[in-house]
file model_7.txt (compact mmCIF, C-alpha atoms and all ligand atoms)
# COMPACT_ATOMS: atom_id res chain seq x y z
CA MET A 1 12.23 -224.84 -18.27
CA THR A 2 14.53 -227.64 -17.14
CA GLU A 3 14.26 -228.48 -13.48
CA ALA A 4 17.28 -228.28 -11.22
CA ILE A 5 18.82 -231.63 -10.27
CA LEU A 6 20.03 -230.23 -6.94
CA SER A 7 18.92 -227.10 -5.11
CA VAL A 8 20.57 -225.52 -2.12
CA ARG A 9 18.60 -222.90 -0.17
CA ASN A 10 20.05 -220.60 2.50
CA LEU A 11 22.52 -223.29 3.53
CA ARG A 12 24.60 -222.64 6.64
CA ARG A 13 27.39 -224.59 8.26
CA HIS A 14 29.08 -222.98 11.24
CA PHE A 15 31.94 -224.41 13.29
CA ALA A 16 32.33 -223.68 16.99
CA VAL A 17 35.52 -221.90 18.07
CA ARG A 18 36.45 -223.19 21.50
CA GLY A 19 38.60 -221.56 24.17
CA PRO A 20 40.00 -222.79 27.51
CA PHE A 21 37.98 -225.64 29.14
CA ASN A 22 36.39 -226.32 25.75
CA ARG A 23 34.09 -223.29 26.16
CA ARG A 24 32.48 -222.04 22.99
CA ILE A 25 33.88 -218.56 22.40
CA GLY A 26 32.62 -217.93 18.90
CA SER A 27 31.92 -219.52 15.56
CA ILE A 28 33.33 -219.70 12.06
CA LYS A 29 30.65 -219.18 9.45
CA ALA A 30 32.25 -221.48 6.89
CA VAL A 31 29.06 -221.59 4.80
CA ASP A 32 26.68 -218.74 5.47
CA ASP A 33 23.38 -218.43 3.62
CA VAL A 34 24.34 -220.06 0.32
CA SER A 35 21.70 -220.72 -2.35
CA PHE A 36 22.05 -222.07 -5.89
CA ASP A 37 20.46 -224.46 -8.37
CA LEU A 38 22.44 -227.11 -10.22
CA MET A 39 21.08 -227.93 -13.67
CA PRO A 40 21.32 -231.47 -15.10
CA GLY A 41 24.51 -232.07 -17.08
CA GLU A 42 26.21 -228.80 -16.22
CA ILE A 43 29.66 -228.23 -14.75
CA PHE A 44 29.15 -225.67 -12.00
CA GLY A 45 32.35 -224.06 -10.74
CA LEU A 46 33.00 -222.93 -7.18
CA VAL A 47 35.94 -220.61 -6.84
CA GLY A 48 37.45 -218.49 -4.06
CA GLU A 49 40.51 -218.09 -1.84
CA SER A 50 41.68 -220.80 0.52
CA GLY A 51 39.39 -221.01 3.55
CA CYS A 52 36.33 -219.37 1.92
CA GLY A 53 34.23 -222.49 2.52
CA LYS A 54 34.30 -224.38 -0.79
CA SER A 55 35.05 -227.81 0.70
CA THR A 56 32.67 -227.22 3.61
CA LEU A 57 29.89 -226.39 1.16
CA GLY A 58 30.61 -229.59 -0.82
CA LYS A 59 30.77 -231.71 2.34
CA THR A 60 27.57 -230.20 3.75
CA ILE A 61 25.70 -230.97 0.52
CA MET A 62 27.05 -234.51 0.78
CA GLY A 63 25.91 -234.91 4.38
CA ILE A 64 29.49 -235.27 5.67
CA HIS A 65 28.71 -232.14 7.75
CA ARG A 66 25.26 -231.45 9.17
CA PRO A 67 23.87 -228.10 8.06
CA ASN A 68 23.10 -225.51 10.75
CA GLY A 69 20.30 -224.14 8.62
CA GLY A 70 18.82 -224.12 5.14
CA GLU A 71 17.60 -226.82 2.80
CA ILE A 72 19.11 -229.28 0.30
CA TRP A 73 16.75 -230.64 -2.38
CA PHE A 74 17.51 -233.55 -4.69
CA GLY A 75 15.00 -235.17 -7.06
CA GLY A 76 12.03 -233.41 -5.47
CA GLN A 77 12.99 -234.45 -1.92
CA GLN A 78 14.40 -232.31 0.87
CA ILE A 79 17.25 -234.67 1.68
CA ASP A 80 18.55 -232.98 4.82
CA LEU A 81 15.24 -233.92 6.52
CA LEU A 82 15.44 -237.65 5.68
CA LEU A 83 16.25 -240.20 8.37
CA ALA A 84 19.62 -241.95 8.19
CA ALA A 85 18.52 -244.93 6.05
CA GLY A 86 16.64 -242.71 3.60
CA GLN A 87 19.61 -240.34 3.39
CA ARG A 88 21.97 -243.20 2.58
CA ALA A 89 19.75 -244.34 -0.30
CA VAL A 90 19.40 -240.86 -1.80
CA ARG A 91 22.98 -239.79 -1.18
CA ARG A 92 24.26 -242.63 -3.31
CA ASN A 93 23.27 -240.33 -6.16
CA LEU A 94 25.58 -237.63 -4.84
CA GLN A 95 29.27 -238.35 -4.49
CA TYR A 96 32.19 -236.28 -3.28
CA ALA A 97 35.74 -236.68 -4.61
CA TYR A 98 38.07 -235.60 -1.82
CA GLN A 99 40.54 -232.74 -2.24
CA ASP A 100 43.30 -235.07 -1.05
CA PRO A 101 43.08 -238.17 -3.29
CA GLY A 102 44.91 -240.33 -0.76
CA ALA A 103 42.36 -239.46 1.95
CA SER A 104 39.62 -241.59 0.43
CA LEU A 105 41.86 -244.67 0.13
CA ASP A 106 42.85 -246.80 3.09
CA PRO A 107 46.67 -247.17 2.93
CA ARG A 108 46.44 -250.74 4.30
CA TRP A 109 44.03 -251.88 1.60
CA LYS A 110 44.84 -252.89 -1.94
CA ILE A 111 43.04 -250.80 -4.57
CA GLY A 112 40.75 -253.76 -5.34
CA ARG A 113 39.44 -253.88 -1.78
CA SER A 114 38.86 -250.10 -1.74
CA LEU A 115 36.79 -250.43 -4.90
CA HIS A 116 34.73 -253.40 -3.65
CA GLU A 117 33.88 -251.80 -0.32
CA PRO A 118 31.28 -249.20 -1.42
CA LEU A 119 29.53 -251.87 -3.49
CA ILE A 120 29.42 -254.22 -0.50
CA ILE A 121 27.87 -251.45 1.61
CA HIS A 122 25.42 -250.09 -0.92
CA THR A 123 24.45 -253.00 -3.19
CA ALA A 124 23.50 -256.68 -3.07
CA LEU A 125 25.87 -257.63 -5.91
CA ASP A 126 27.92 -260.82 -5.48
CA GLN A 127 31.71 -260.96 -5.75
CA ALA A 128 31.75 -261.80 -9.50
CA GLU A 129 29.23 -259.05 -10.36
CA ARG A 130 31.17 -256.50 -8.34
CA GLU A 131 34.46 -257.54 -9.95
CA ALA A 132 32.97 -257.21 -13.46
CA GLY A 133 31.56 -253.73 -12.71
CA ILE A 134 34.83 -252.57 -11.16
CA ARG A 135 36.92 -253.71 -14.11
CA LYS A 136 34.63 -251.86 -16.53
CA ILE A 137 34.90 -248.63 -14.56
CA LEU A 138 38.64 -249.02 -14.07
CA GLU A 139 38.94 -249.15 -17.84
CA ALA A 140 36.72 -246.06 -18.19
CA VAL A 141 39.08 -244.07 -15.94
CA GLY A 142 42.10 -245.34 -17.87
CA LEU A 143 43.69 -247.73 -15.38
CA PRO A 144 44.77 -251.32 -16.09
CA GLY A 145 43.19 -254.18 -14.12
CA THR A 146 46.62 -254.97 -12.64
CA HIS A 147 46.22 -251.89 -10.41
CA LEU A 148 43.66 -253.80 -8.32
CA ASP A 149 46.55 -255.63 -6.66
CA LEU A 150 48.53 -252.51 -5.75
CA TYR A 151 48.49 -250.42 -2.58
CA PRO A 152 47.77 -246.65 -2.75
CA HIS A 153 51.42 -245.77 -2.06
CA GLU A 154 52.49 -247.82 -5.09
CA ILE A 155 50.64 -245.55 -7.55
CA SER A 156 51.07 -241.89 -8.50
CA GLY A 157 48.91 -238.97 -7.34
CA GLY A 158 47.21 -238.79 -10.73
CA GLN A 159 46.46 -242.52 -10.61
CA GLN A 160 45.15 -242.19 -7.02
CA ARG A 161 42.73 -239.59 -8.33
CA ARG A 162 41.55 -241.97 -11.03
CA VAL A 163 41.03 -244.68 -8.41
CA GLY A 164 39.08 -242.20 -6.24
CA LEU A 165 36.89 -241.44 -9.24
CA ALA A 166 36.43 -245.12 -10.07
CA ARG A 167 35.37 -245.73 -6.47
CA ILE A 168 32.66 -243.09 -6.78
CA LEU A 169 31.54 -244.14 -10.24
CA THR A 170 30.93 -247.77 -9.26
CA LEU A 171 27.83 -246.45 -7.45
CA HIS A 172 26.51 -244.72 -10.61
CA PRO A 173 25.91 -241.31 -9.02
CA LYS A 174 24.09 -238.46 -10.76
CA VAL A 175 26.00 -235.57 -9.19
CA VAL A 176 29.72 -235.63 -8.45
CA ILE A 177 31.41 -232.94 -6.38
CA LEU A 178 35.03 -232.69 -7.51
CA ASP A 179 37.06 -230.91 -4.83
CA GLU A 180 40.25 -229.36 -6.25
CA PRO A 181 40.54 -232.25 -8.71
CA THR A 182 43.71 -230.97 -10.34
CA SER A 183 45.70 -229.76 -7.33
CA GLY A 184 49.10 -231.32 -7.02
CA LEU A 185 49.11 -232.57 -10.62
CA ASP A 186 51.59 -231.27 -13.16
CA VAL A 187 50.19 -229.43 -16.15
CA SER A 188 50.32 -232.33 -18.62
CA VAL A 189 48.61 -234.73 -16.19
CA GLN A 190 46.07 -231.97 -15.41
CA ALA A 191 45.11 -231.79 -19.06
CA THR A 192 44.49 -235.54 -19.33
CA VAL A 193 42.54 -235.62 -16.07
CA LEU A 194 40.35 -232.71 -17.25
CA SER A 195 39.54 -234.43 -20.52
CA LEU A 196 38.82 -237.62 -18.56
CA PHE A 197 36.23 -235.68 -16.48
CA ARG A 198 34.61 -234.49 -19.69
CA SER A 199 34.39 -237.96 -21.23
CA LEU A 200 33.13 -239.53 -17.99
CA ARG A 201 30.42 -236.88 -17.86
CA GLU A 202 29.23 -238.01 -21.28
CA THR A 203 29.53 -241.74 -20.59
CA PHE A 204 27.85 -241.70 -17.19
CA GLN A 205 25.59 -238.65 -17.72
CA LEU A 206 27.03 -236.84 -14.74
CA THR A 207 26.52 -233.35 -13.38
CA TYR A 208 29.55 -231.82 -11.67
CA ILE A 209 30.19 -229.28 -8.98
CA PHE A 210 33.77 -228.35 -9.76
CA ILE A 211 35.67 -226.79 -6.85
CA SER A 212 38.94 -225.08 -7.61
CA HIS A 213 40.91 -221.98 -6.82
CA ASP A 214 42.56 -222.25 -10.24
CA LEU A 215 40.67 -219.73 -12.35
CA ALA A 216 42.19 -220.94 -15.62
CA VAL A 217 40.87 -224.47 -14.98
CA ILE A 218 37.45 -223.11 -13.95
CA ARG A 219 37.24 -221.08 -17.14
CA MET A 220 38.14 -224.08 -19.27
CA MET A 221 35.74 -226.53 -17.61
CA CYS A 222 32.68 -224.76 -16.23
CA SER A 223 29.55 -223.43 -17.88
CA ARG A 224 28.57 -221.48 -14.76
CA VAL A 225 30.58 -220.28 -11.82
CA ALA A 226 29.97 -219.03 -8.29
CA VAL A 227 32.60 -216.92 -6.53
CA MET A 228 32.77 -217.40 -2.75
CA TYR A 229 34.17 -215.04 -0.16
CA LEU A 230 34.22 -216.00 3.54
CA GLY A 231 31.27 -218.36 3.40
CA ARG A 232 29.07 -216.45 0.95
CA ILE A 233 28.52 -216.45 -2.79
CA VAL A 234 29.35 -212.90 -3.86
CA GLU A 235 28.91 -213.35 -7.60
CA MET A 236 27.42 -216.06 -9.81
CA GLY A 237 26.65 -216.45 -13.50
CA PRO A 238 27.74 -217.91 -16.84
CA THR A 239 31.52 -218.39 -16.85
CA ASP A 240 32.16 -216.20 -19.91
CA VAL A 241 30.16 -213.33 -18.45
CA ILE A 242 31.86 -213.54 -15.06
CA PHE A 243 35.32 -213.61 -16.64
CA ASP A 244 34.64 -210.92 -19.24
CA ARG A 245 32.46 -208.58 -17.19
CA PRO A 246 32.96 -209.22 -13.48
CA GLN A 247 30.75 -206.95 -11.36
CA HIS A 248 31.88 -207.65 -7.81
CA PRO A 249 35.11 -205.96 -6.64
CA TYR A 250 36.27 -209.29 -5.18
CA THR A 251 35.81 -211.12 -8.49
CA LYS A 252 37.64 -208.28 -10.22
CA SER A 253 40.58 -208.55 -7.86
CA LEU A 254 40.72 -212.34 -8.20
CA LEU A 255 40.83 -212.01 -11.98
CA ALA A 256 43.39 -209.23 -11.76
CA ALA A 257 45.64 -211.60 -9.84
CA ILE A 258 45.88 -214.07 -12.75
CA PRO A 259 49.28 -213.58 -14.35
CA LYS A 260 48.91 -213.28 -18.12
CA ILE A 261 51.50 -214.21 -20.72
CA GLY A 262 54.10 -211.45 -20.79
CA GLY A 263 53.15 -210.36 -17.28
CA VAL A 264 50.22 -208.23 -18.47
CA ARG A 265 47.26 -208.55 -16.13
CA VAL A 266 43.59 -208.72 -17.09
CA THR A 267 42.66 -205.57 -15.18
CA ARG A 268 44.93 -203.23 -13.30
CA ASP A 269 42.40 -201.22 -11.38
CA PHE A 270 41.58 -203.67 -8.64
CA TRP A 271 43.72 -205.35 -6.07
CA LEU A 272 43.15 -207.12 -2.80
CA ARG A 273 44.02 -204.84 0.06
CA GLY A 274 45.41 -206.40 3.22
CA GLU A 275 44.78 -209.81 4.68
CA PRO A 276 41.42 -211.58 4.75
CA PRO A 277 39.64 -210.89 8.06
CA ASP A 278 39.59 -213.47 10.85
CA PRO A 279 36.82 -215.87 9.77
CA GLY A 280 35.78 -216.18 13.43
CA ASN A 281 35.32 -212.40 13.69
CA LEU A 282 33.78 -211.10 10.49
CA PRO A 283 33.42 -207.36 9.79
CA SER A 284 29.94 -205.83 10.16
CA GLY A 285 27.88 -205.33 7.00
CA CYS A 286 29.59 -206.51 3.84
CA ARG A 287 32.31 -208.99 4.76
CA PHE A 288 34.49 -207.86 1.85
CA ARG A 289 34.45 -204.16 2.80
CA THR A 290 37.73 -204.19 4.74
CA ARG A 291 39.58 -205.08 1.51
CA CYS A 292 37.34 -203.25 -0.94
CA PRO A 293 38.48 -200.13 -2.79
CA LYS A 294 34.83 -199.06 -3.19
CA ALA A 295 33.66 -199.41 0.42
CA VAL A 296 31.60 -196.58 1.99
CA ASP A 297 29.71 -196.23 5.30
CA ARG A 298 26.67 -198.14 4.07
CA CYS A 299 28.85 -201.21 3.48
CA ALA A 300 29.66 -201.33 7.22
CA ARG A 301 25.98 -201.08 8.18
CA GLU A 302 24.23 -203.42 5.76
CA GLU A 303 25.06 -206.76 4.21
CA PRO A 304 24.34 -206.79 0.46
CA ALA A 305 22.15 -209.66 -0.80
CA LEU A 306 22.99 -211.64 -3.94
CA GLU A 307 20.81 -209.94 -6.55
CA ALA A 308 20.41 -210.41 -10.29
CA THR A 309 21.92 -207.76 -12.54
CA GLY A 310 21.47 -208.99 -16.12
CA CYS A 311 22.42 -212.65 -16.43
CA GLN A 312 24.68 -212.67 -13.39
CA SER A 313 23.96 -212.18 -9.67
CA VAL A 314 26.08 -209.94 -7.49
CA ALA A 315 26.18 -209.19 -3.77
CA CYS A 316 27.43 -205.59 -3.82
CA PHE A 317 25.81 -202.16 -3.41
CA PHE A 318 28.03 -200.79 -6.17
CA PRO A 319 28.37 -203.48 -8.84
CA GLY A 320 30.20 -202.86 -12.07
N1 LIG B 1 36.03 -229.50 10.66
C1 LIG B 1 36.24 -228.19 10.87
N2 LIG B 1 36.25 -227.67 12.11
C2 LIG B 1 36.43 -226.36 12.33
N3 LIG B 1 36.61 -225.44 11.36
C3 LIG B 1 36.62 -225.89 10.09
C4 LIG B 1 36.44 -227.29 9.77
N4 LIG B 1 36.49 -227.44 8.41
C5 LIG B 1 36.70 -226.20 7.92
N5 LIG B 1 36.79 -225.28 8.91
C6 LIG B 1 36.97 -223.83 8.73
O1 LIG B 1 35.98 -223.38 7.83
C7 LIG B 1 36.52 -222.44 6.91
C8 LIG B 1 36.33 -222.94 5.49
O2 LIG B 1 37.17 -224.08 5.27
P1 LIG B 1 37.13 -224.93 3.92
O3 LIG B 1 38.00 -226.10 4.09
O4 LIG B 1 35.71 -225.17 3.55
O5 LIG B 1 37.76 -223.88 2.88
P2 LIG B 1 38.17 -224.09 1.36
O6 LIG B 1 37.54 -222.97 0.59
O7 LIG B 1 37.86 -225.48 0.92
O8 LIG B 1 39.75 -223.85 1.38
P3 LIG B 1 40.93 -224.54 0.51
O9 LIG B 1 40.93 -223.81 -0.82
O10 LIG B 1 42.16 -224.26 1.30
O11 LIG B 1 40.62 -226.00 0.38
C9 LIG B 1 37.97 -222.25 7.30
O12 LIG B 1 38.06 -221.09 8.12
C10 LIG B 1 38.29 -223.50 8.09
O13 LIG B 1 39.28 -223.26 9.04
MG MG B 2 38.99 -227.03 0.27
call {"tool": "encode", "arguments": {"input": "model_7.txt", "output": "structure tokens"}}
result
Amino acid sequence: MTEAILSVRNLRRHFAVRGPFNRRIGSIKAVDDVSFDLMPGEIFGLVGESGCGKSTLGKTIMGIHRPNGGEIWFGGQQIDLLLAAGQRAVRRNLQYAYQDPGASLDPRWKIGRSLHEPLIIHTALDQAEREAGIRKILEAVGLPGTHLDLYPHEISGGQQRRVGLARILTLHPKVVILDEPTSGLDVSVQATVLSLFRSLRETFQLTYIFISHDLAVIRMMCSRVAVMYLGRIVEMGPTDVIFDRPQHPYTKSLLAAIPKIGGVRVTRDFWLRGEPPDPGNLPSGCRFRTRCPKAVDRCAREEPALEATGCQSVACFFPG
């Protein structure tokens, strides 16, 4: 069996909620006991409503946030235990493309400087070697060399995304976390960016974690998908299986919310009741129960674990 390139075990990242005088009055469990394996070369989708913890999960894997618990394994090493210098060396292999493409580019720097900077930090290449590498990667992401002399505000959102990608790729990572890589792009640009991700995956032998709340894009791009709800994975499995035979009521309601051509929806029998609960004050037991049409007393007492049913895993006492 192929070994996972990245493994996440029982990962937690909680944020303190502070009241008057900066007193801690609670916590938001943005990532709460998340486990999965990422296989080499795959595109693993992470989907869920705004605020369910997708970006926090990506940033915690990347070391941008410190985990509150759990383990992150890469290449046989538990990377969250490494000291700072060791982490920097290993984390070069893992890169995170920010949800907001402008956020990773300094507005006062020309694109060229933004692309040189990671190479100055992480490698011993001289100016000419860096320049040659950058121009090659710029070409791979479909941007002309003349862009090196422009400022971020002088290029479009789609081009900023390509620059963000180029910046990551100069370091030759193995795993790239793409956070909402198509948000804010119009449909035609989306299509070209998606096919760019596919060809870059081939050229640079990349493995992607693909974060999106756009189910159509997830279906098109990902071989496997995990559905998150308030910090937890509630369902995970091959994309086709999840889309054709969702087992968790939350996945069913997400899919039911996709408008189909002619206004006909995929399923009519599930819908999301009410508002999501306050993430700082989660319901007891199953955190989806307050919006679930199937909820019974047991759901308020016990939290369902993510368990395999066939080729997918579901965290629900009444799957199907
Ligand atoms: N730095 C932070 N400090 C405090 N709370 C945070 C921080 N970052 C995220 N959160 C909270 O953690 C939860 C998860 O946020 P996150 O950004 O991971 O969600 P998301 O799934 O990426 O949402 P979106 O689809 O809108 O990008 C939210 O309740 C959010 O308010
Ligand atoms: Mg996000």
call {"tool": "closest_atom_pairs", "arguments": {"input": "model_7.txt", "of": "chain A", "to": "ligand MG 2 (chain B)", "cutoff": "8 Å", "atoms": "only C-alpha atoms and all ligand atoms", "output": "CSV"}}
result
residue,atom,partner,partner_atom,distance
A:Ser50,CA,B:MG2,MG,6.8
A:Gly51,CA,B:MG2,MG,6.9
A:Gly53,CA,B:MG2,MG,7.0
A:Lys54,CA,B:MG2,MG,5.5
A:Ser55,CA,B:MG2,MG,4.0
A:Thr56,CA,B:MG2,MG,7.2
A:Gln99,CA,B:MG2,MG,6.4
A:Asp179,CA,B:MG2,MG,6.7
A:Glu180,CA,B:MG2,MG,7.0
A:Ile211,CA,B:MG2,MG,7.9
call {"tool": "residues_around", "arguments": {"input": "model_7.txt", "residues": "region 34-40 of chain A", "least_positions_apart": "2", "cutoff": "8 Å", "atoms": "only C-alpha atoms", "output": "PyMOL selection string"}}
result
chain A and resi 2-12+31-32+42+44+206-207+231-233
call {"tool": "closest_atom_pairs", "arguments": {"input": "model_7.txt", "of": "chain A", "to": "ligand LIG 1 (chain B)", "cutoff": "12 Å", "atoms": "only C-alpha atoms and all ligand atoms", "output": "JSON lines"}}
result
{"residue": "A:Arg12", "atom": "CA", "partner": "B:LIG1", "partner_atom": "O1", "distance": 11.5}
{"residue": "A:Arg13", "atom": "CA", "partner": "B:LIG1", "partner_atom": "O1", "distance": 8.7}
{"residue": "A:His14", "atom": "CA", "partner": "B:LIG1", "partner_atom": "O1", "distance": 7.7}
{"residue": "A:Phe15", "atom": "CA", "partner": "B:LIG1", "partner_atom": "C2", "distance": 5.0}
{"residue": "A:Ala16", "atom": "CA", "partner": "B:LIG1", "partner_atom": "C2", "distance": 6.8}
{"residue": "A:Val17", "atom": "CA", "partner": "B:LIG1", "partner_atom": "C2", "distance": 7.3}
{"residue": "A:Arg18", "atom": "CA", "partner": "B:LIG1", "partner_atom": "C2", "distance": 9.7}
{"residue": "A:Gly26", "atom": "CA", "partner": "B:LIG1", "partner_atom": "C2", "distance": 11.3}
{"residue": "A:Ser27", "atom": "CA", "partner": "B:LIG1", "partner_atom": "N3", "distance": 8.6}
{"residue": "A:Ile28", "atom": "CA", "partner": "B:LIG1", "partner_atom": "O1", "distance": 6.2}
{"residue": "A:Lys29", "atom": "CA", "partner": "B:LIG1", "partner_atom": "O1", "distance": 7.0}
{"residue": "A:Ala30", "atom": "CA", "partner": "B:LIG1", "partner_atom": "O1", "distance": 4.3}
{"residue": "A:Val31", "atom": "CA", "partner": "B:LIG1", "partner_atom": "C8", "distance": 7.4}
{"residue": "A:Asp32", "atom": "CA", "partner": "B:LIG1", "partner_atom": "C8", "distance": 10.5}
{"residue": "A:Leu46", "atom": "CA", "partner": "B:LIG1", "partner_atom": "O6", "distance": 9.0}
{"residue": "A:Val47", "atom": "CA", "partner": "B:LIG1", "partner_atom": "O6", "distance": 8.0}
{"residue": "A:Gly48", "atom": "CA", "partner": "B:LIG1", "partner_atom": "O6", "distance": 6.5}
{"residue": "A:Glu49", "atom": "CA", "partner": "B:LIG1", "partner_atom": "O9", "distance": 5.8}
{"residue": "A:Ser50", "atom": "CA", "partner": "B:LIG1", "partner_atom": "O9", "distance": 3.4}
{"residue": "A:Gly51", "atom": "CA", "partner": "B:LIG1", "partner_atom": "O5", "distance": 3.4}
{"residue": "A:Cys52", "atom": "CA", "partner": "B:LIG1", "partner_atom": "O6", "distance": 4.0}
{"residue": "A:Gly53", "atom": "CA", "partner": "B:LIG1", "partner_atom": "O4", "distance": 3.2}
{"residue": "A:Lys54", "atom": "CA", "partner": "B:LIG1", "partner_atom": "O6", "distance": 3.8}
{"residue": "A:Ser55", "atom": "CA", "partner": "B:LIG1", "partner_atom": "O7", "distance": 3.7}
{"residue": "A:Thr56", "atom": "CA", "partner": "B:LIG1", "partner_atom": "O4", "distance": 3.7}
{"residue": "A:Leu57", "atom": "CA", "partner": "B:LIG1", "partner_atom": "O4", "distance": 6.4}
{"residue": "A:Gly58", "atom": "CA", "partner": "B:LIG1", "partner_atom": "O4", "distance": 8.0}
{"residue": "A:Lys59", "atom": "CA", "partner": "B:LIG1", "partner_atom": "O4", "distance": 8.3}
{"residue": "A:Thr60", "atom": "CA", "partner": "B:LIG1", "partner_atom": "O4", "distance": 9.6}
{"residue": "A:Ile61", "atom": "CA", "partner": "B:LIG1", "partner_atom": "O4", "distance": 12.0}
{"residue": "A:Ile64", "atom": "CA", "partner": "B:LIG1", "partner_atom": "N1", "distance": 10.0}
{"residue": "A:His65", "atom": "CA", "partner": "B:LIG1", "partner_atom": "N1", "distance": 8.3}
{"residue": "A:Arg66", "atom": "CA", "partner": "B:LIG1", "partner_atom": "N1", "distance": 11.0}
{"residue": "A:Tyr98", "atom": "CA", "partner": "B:LIG1", "partner_atom": "O11", "distance": 10.2}
{"residue": "A:Gln99", "atom": "CA", "partner": "B:LIG1", "partner_atom": "O11", "distance": 7.2}
{"residue": "A:Asp100", "atom": "CA", "partner": "B:LIG1", "partner_atom": "O11", "distance": 9.6}
{"residue": "A:Leu178", "atom": "CA", "partner": "B:LIG1", "partner_atom": "O7", "distance": 11.4}
{"residue": "A:Asp179", "atom": "CA", "partner": "B:LIG1", "partner_atom": "O7", "distance": 7.9}
{"residue": "A:Glu180", "atom": "CA", "partner": "B:LIG1", "partner_atom": "O11", "distance": 7.4}
{"residue": "A:Pro181", "atom": "CA", "partner": "B:LIG1", "partner_atom": "O11", "distance": 11.0}
{"residue": "A:Ser183", "atom": "CA", "partner": "B:LIG1", "partner_atom": "O11", "distance": 10.0}
{"residue": "A:Phe210", "atom": "CA", "partner": "B:LIG1", "partner_atom": "O7", "distance": 11.8}
{"residue": "A:Ile211", "atom": "CA", "partner": "B:LIG1", "partner_atom": "O7", "distance": 8.2}
{"residue": "A:Ser212", "atom": "CA", "partner": "B:LIG1", "partner_atom": "O9", "distance": 7.2}
{"residue": "A:His213", "atom": "CA", "partner": "B:LIG1", "partner_atom": "O9", "distance": 6.3}
{"residue": "A:Asp214", "atom": "CA", "partner": "B:LIG1", "partner_atom": "O9", "distance": 9.7}
{"residue": "A:Val227", "atom": "CA", "partner": "B:LIG1", "partner_atom": "O6", "distance": 10.6}
{"residue": "A:Met228", "atom": "CA", "partner": "B:LIG1", "partner_atom": "O6", "distance": 8.1}
{"residue": "A:Tyr229", "atom": "CA", "partner": "B:LIG1", "partner_atom": "O6", "distance": 8.6}
{"residue": "A:Leu230", "atom": "CA", "partner": "B:LIG1", "partner_atom": "C8", "distance": 7.5}
{"residue": "A:Gly231", "atom": "CA", "partner": "B:LIG1", "partner_atom": "C8", "distance": 7.1}
{"residue": "A:Arg232", "atom": "CA", "partner": "B:LIG1", "partner_atom": "O6", "distance": 10.7}
{"residue": "A:Ile233", "atom": "CA", "partner": "B:LIG1", "partner_atom": "O6", "distance": 11.6}
{"residue": "A:Pro276", "atom": "CA", "partner": "B:LIG1", "partner_atom": "O12", "distance": 10.6}
{"residue": "A:Pro277", "atom": "CA", "partner": "B:LIG1", "partner_atom": "O12", "distance": 10.3}
{"residue": "A:Asp278", "atom": "CA", "partner": "B:LIG1", "partner_atom": "O12", "distance": 8.2}
{"residue": "A:Pro279", "atom": "CA", "partner": "B:LIG1", "partner_atom": "O12", "distance": 5.6}
{"residue": "A:Gly280", "atom": "CA", "partner": "B:LIG1", "partner_atom": "O12", "distance": 7.6}
{"residue": "A:Asn281", "atom": "CA", "partner": "B:LIG1", "partner_atom": "O12", "distance": 10.7}
{"residue": "A:Leu282", "atom": "CA", "partner": "B:LIG1", "partner_atom": "O12", "distance": 11.1}
call {"tool": "atom_distance", "arguments": {"input": "model_7.txt", "atom1": "CA of Leu185 (chain A)", "atom2": "CA of Arg224 (chain A)"}}
result
23.7 Å
call {"tool": "residues_around", "arguments": {"input": "model_7.txt", "residues": "region 118-128 of chain A", "least_positions_apart": "3", "cutoff": "9 Å", "atoms": "only C-alpha atoms", "output": "number ranges by chain"}}
result
A: 88-89, 92, 114-115, 131-133, 167-168, 170-171
